[in-house]
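Reviewing the structure listed below.
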Amino acid sequence: MRPHHRAAATALTPEPPMSPPPHTRAVPADPPPWPPLPVFPVLRAVPAEWWDAALAGVFLLVMAVERIGAAGDLHGGLPVALVLSAAVAAPLAVRRTRPLAGYLVGAAALSAEALFVLPSPVSPYADLVGLYSLGLYAPRRRAWVGPFAALLGMAAYFADLGRAYPVIPTGVLFLWLLGWAFGYGTARRGEQREAARLLLHREVVAEERARLARELHDSVGHTLNVVLVQAGAARRLLDREPERTRELLSGMEHTGREALDDLDRVLGLLRRGAGDWDADGAAPQPGVADLERLAERLGRTGLKVRLRIDPAARRVPRSLDVSAYRIVQEALTNTVKHAGARSVGVTVRRTAGRLAVEVCDDGRGVPAGYAPGRGLLGVAERVSVLGGRVEHGPGEPGGFRLRAELPVP
């Protein structure tokens, strides 16, 4: 006896949102203490590059004022000092688009200013903004250039003061590296959120593809298999029993039309989206009440289908109703394709909070090297999503048996 295949999972059902008690009137929320200022939408509409250019202009203006005030103490003259101040402030205008190049230019100008002109008390803050922007906007590898460049810049800036007061440059360097680490960590967390979003998107797309493939296999695949069986029977009976052949051809036509309806329904799902499967204009999915029509369709192929349906099994949630039909449909399709059976029994009953579906045929049974195909794997996926279990393998008196149990909420 071959081992049975089982799949089980737990389904979590969220609690429905609470609704307000009847016969109550909604109380409007208190108005804000002041009306929203129209200036904020205008500010949000300003491109980020403009803000960066304004930031660079502010730093340049403050540094120029400071340089002019200290003109008597400058070693290289005021023009050289103003040029170096511009070289420190201007890279902030490209801190988002060229963070590494901008910071290296600013750090080099800061070092030259400190070594050959006079250290400015404003320039290090422009360097701090550039270092933070390097950690935030640069790629991972390029961002790591920042701490080493900051170390060299601080060594040049505190070349004279560091020998007398070594604690000061160490503390400033720590604060600068902390600013870089804050920007770097923010960027990496953003990358992780984006990676998680993309992973979730891929999982949703893969799940939707699997669901659509399962629906196509369940609906169109089943009807096409019935058509093939009817076509083979009609070919064999064409010369001996023309009336029987005519019945088979009529059944093929009817089954083909149903296949087209099923295909149109699935294509309608693709056009409308996953949330509109039962929207207006889309054909509803079959349920337990449609199993008699399914048995009648298979009866045209010569297979005798015995149905035993518990009346309570017809009163289950829509998801269980559809899944029970699809499970029986897949089992009967496999019976027609592989079993060579003359009869098959279908039992659907509801007991002890579970919906049990069982299909047993009197065919050839489980062949050597048996492995579940796409259809049975799709049944296992469907049952697992609903928190149930499924097993399939040899039947007790022979043939093939499939049994699935679905929890009824």
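Residues are referred to by chain and number: the chain letter is A, B, ... according to the order shown in the structure tokens, the number counts from 1 in that chain, and ligands are numbered separately from 1 in the order shown.
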Any idea what's packed within 9 Å of region 291-306 of chain A, counting only C-alpha atoms, ignoring anything in its chain fewer than 4 positions away? Could you give it as a list in words?
Val226, Val227, Val229, Gln230, Ala233, Glu247, Leu248, Gly251, His254, Thr255, Pro286, Gly287, Tyr325, Val328, Gln329, Leu332, Thr333, Val336, Ala341, Arg342, Ser343, Val344, Gly345, Val346 and Thr347 of chain A
Contact residues around Glu207 (chain A) with only C-alpha atoms at 12 Å, ignoring same-chain residues under 4 positions, as a list in words
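In the requested format, the answer is Leu200, His201, Arg202, Glu203, Arg211, Leu212, Ala213, Arg214, Ala274, Gly378, Glu381, Arg382 and Val385 of chain A.
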Residues near Val366 (chain A), cut-off 8 Å, only C-alpha atoms, skip fewer than 6 positions along chain, as a PyMOL selection string
chain A and resi 2+393-394+399-400
What is the distance between CA of Leu175 (chain A) and CA of Leu104 (chain A), in Å to one decimal?
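So the two atoms, CA of Leu175 (chain A) and CA of Leu104 (chain A), lie 18.7 Å apart.
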Compile the contact shell of Leu406 (chain A) as a PDB file with all heavy atoms, in the first residue's frame: residues with an atom at most 8 Å away, counting only C-alpha atoms, same-chain residues fewer than 6 positions apart removed.
```pdb
ATOM      1  N   LEU A 320     -16.049  27.255   1.503  1.00  0.00           N
ATOM      2  CA  LEU A 320     -16.103  25.800   1.656  1.00  0.00           C
ATOM      3  C   LEU A 320     -16.971  25.168   0.581  1.00  0.00           C
ATOM      4  O   LEU A 320     -16.665  24.069   0.080  1.00  0.00           O
ATOM      5  CB  LEU A 320     -16.647  25.448   3.041  1.00  0.00           C
ATOM      6  CG  LEU A 320     -15.822  25.895   4.246  1.00  0.00           C
ATOM      7  CD1 LEU A 320     -16.484  25.417   5.528  1.00  0.00           C
ATOM      8  CD2 LEU A 320     -14.414  25.363   4.147  1.00  0.00           C
ATOM      9  N   ARG A 354     -17.142  19.900  10.860  1.00  0.00           N
ATOM     10  CA  ARG A 354     -16.236  19.675   9.726  1.00  0.00           C
ATOM     11  C   ARG A 354     -17.059  19.235   8.523  1.00  0.00           C
ATOM     12  O   ARG A 354     -18.080  18.548   8.654  1.00  0.00           O
ATOM     13  CB  ARG A 354     -15.176  18.628  10.055  1.00  0.00           C
ATOM     14  CG  ARG A 354     -14.335  18.953  11.272  1.00  0.00           C
ATOM     15  CD  ARG A 354     -13.219  17.958  11.462  1.00  0.00           C
ATOM     16  NE  ARG A 354     -12.140  18.148  10.499  1.00  0.00           N
ATOM     17  CZ  ARG A 354     -11.163  19.028  10.653  1.00  0.00           C
ATOM     18  NH1 ARG A 354     -11.141  19.817  11.721  1.00  0.00           N
ATOM     19  NH2 ARG A 354     -10.209  19.133   9.758  1.00  0.00           N
ATOM     20  N   LEU A 355     -16.586  19.633   7.358  1.00  0.00           N
ATOM     21  CA  LEU A 355     -17.186  19.212   6.094  1.00  0.00           C
ATOM     22  C   LEU A 355     -16.282  18.150   5.490  1.00  0.00           C
ATOM     23  O   LEU A 355     -15.129  18.419   5.139  1.00  0.00           O
ATOM     24  CB  LEU A 355     -17.323  20.399   5.143  1.00  0.00           C
ATOM     25  CG  LEU A 355     -17.998  20.111   3.798  1.00  0.00           C
ATOM     26  CD1 LEU A 355     -19.463  19.732   4.008  1.00  0.00           C
ATOM     27  CD2 LEU A 355     -17.890  21.327   2.873  1.00  0.00           C
ATOM     28  N   ALA A 356     -16.791  16.925   5.403  1.00  0.00           N
ATOM     29  CA  ALA A 356     -16.008  15.795   4.901  1.00  0.00           C
ATOM     30  C   ALA A 356     -16.407  15.496   3.468  1.00  0.00           C
ATOM     31  O   ALA A 356     -17.589  15.382   3.141  1.00  0.00           O
ATOM     32  CB  ALA A 356     -16.230  14.565   5.773  1.00  0.00           C
ATOM     33  N   VAL A 383      -7.046  22.882   0.339  1.00  0.00           N
ATOM     34  CA  VAL A 383      -7.442  22.410   1.656  1.00  0.00           C
ATOM     35  C   VAL A 383      -6.577  23.049   2.738  1.00  0.00           C
ATOM     36  O   VAL A 383      -7.058  23.417   3.818  1.00  0.00           O
ATOM     37  CB  VAL A 383      -7.355  20.873   1.702  1.00  0.00           C
ATOM     38  CG1 VAL A 383      -7.575  20.366   3.115  1.00  0.00           C
ATOM     39  CG2 VAL A 383      -8.381  20.256   0.759  1.00  0.00           C
ATOM     40  N   LEU A 386      -7.637  26.490   3.792  1.00  0.00           N
ATOM     41  CA  LEU A 386      -8.838  26.499   4.622  1.00  0.00           C
ATOM     42  C   LEU A 386      -8.621  25.854   5.987  1.00  0.00           C
ATOM     43  O   LEU A 386      -9.557  25.745   6.771  1.00  0.00           O
ATOM     44  CB  LEU A 386      -9.974  25.782   3.891  1.00  0.00           C
ATOM     45  CG  LEU A 386     -10.432  26.468   2.596  1.00  0.00           C
ATOM     46  CD1 LEU A 386     -11.445  25.597   1.871  1.00  0.00           C
ATOM     47  CD2 LEU A 386     -11.024  27.835   2.893  1.00  0.00           C
ATOM     48  N   GLY A 387      -7.398  25.418   6.267  1.00  0.00           N
ATOM     49  CA  GLY A 387      -7.106  24.829   7.568  1.00  0.00           C
ATOM     50  C   GLY A 387      -7.541  23.389   7.710  1.00  0.00           C
ATOM     51  O   GLY A 387      -7.734  22.924   8.845  1.00  0.00           O
ATOM     52  N   GLY A 388      -7.702  22.674   6.619  1.00  0.00           N
ATOM     53  CA  GLY A 388      -8.147  21.280   6.687  1.00  0.00           C
ATOM     54  C   GLY A 388      -7.025  20.310   6.402  1.00  0.00           C
ATOM     55  O   GLY A 388      -5.835  20.643   6.467  1.00  0.00           O
ATOM     56  N   ARG A 389      -7.403  19.092   6.074  1.00  0.00           N
ATOM     57  CA  ARG A 389      -6.426  18.057   5.743  1.00  0.00           C
ATOM     58  C   ARG A 389      -6.991  17.186   4.633  1.00  0.00           C
ATOM     59  O   ARG A 389      -8.215  17.067   4.470  1.00  0.00           O
ATOM     60  CB  ARG A 389      -6.082  17.214   6.962  1.00  0.00           C
ATOM     61  CG  ARG A 389      -7.254  16.427   7.518  1.00  0.00           C
ATOM     62  CD  ARG A 389      -6.824  15.535   8.659  1.00  0.00           C
ATOM     63  NE  ARG A 389      -7.908  14.697   9.148  1.00  0.00           N
ATOM     64  CZ  ARG A 389      -7.748  13.755  10.068  1.00  0.00           C
ATOM     65  NH1 ARG A 389      -6.557  13.533  10.584  1.00  0.00           N
ATOM     66  NH2 ARG A 389      -8.785  13.028  10.451  1.00  0.00           N
TER      67      ARG A 389
END
```
Which residues, written as a list of chain:residue names, have at least one atom at most 10 Å from Leu151 (chain A), with only C-alpha atoms counted and residues fewer than 4 positions away on the same chain left out?
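So, after excluding close chain neighbours, the residues are A:Ala107, A:Gly146, A:Pro147, A:Ala155, A:Ala156, A:Tyr157, A:Pro169, A:Thr170, A:Leu173, A:Phe174, A:Trp176, A:Leu177.
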For Arg314 (chain A), which of A:Val379, A:Asp290, A:Leu110, A:Gly77 is the closest residue, counting only C-alpha atoms?
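Smallest separation from Arg314 (chain A) among the options: A:Asp290.
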Between CA of Ala114 (chain A) and CA of Leu61 (chain A), measure the distance and give it in Å to one decimal.
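These two atoms are separated by 18.7 Å.
Using only C-alpha atoms, the shortest contact distance between Val288 (chain A) and any of A:Arg235, A:Ile168, A:Val357, A:Leu263 is found at A:Val357.
Counting only C-alpha atoms and comparing A:Ala371, A:Val42, A:Ala126, A:Ala112, the residue that lies closest to Leu55 (chain A) is A:Ala126.
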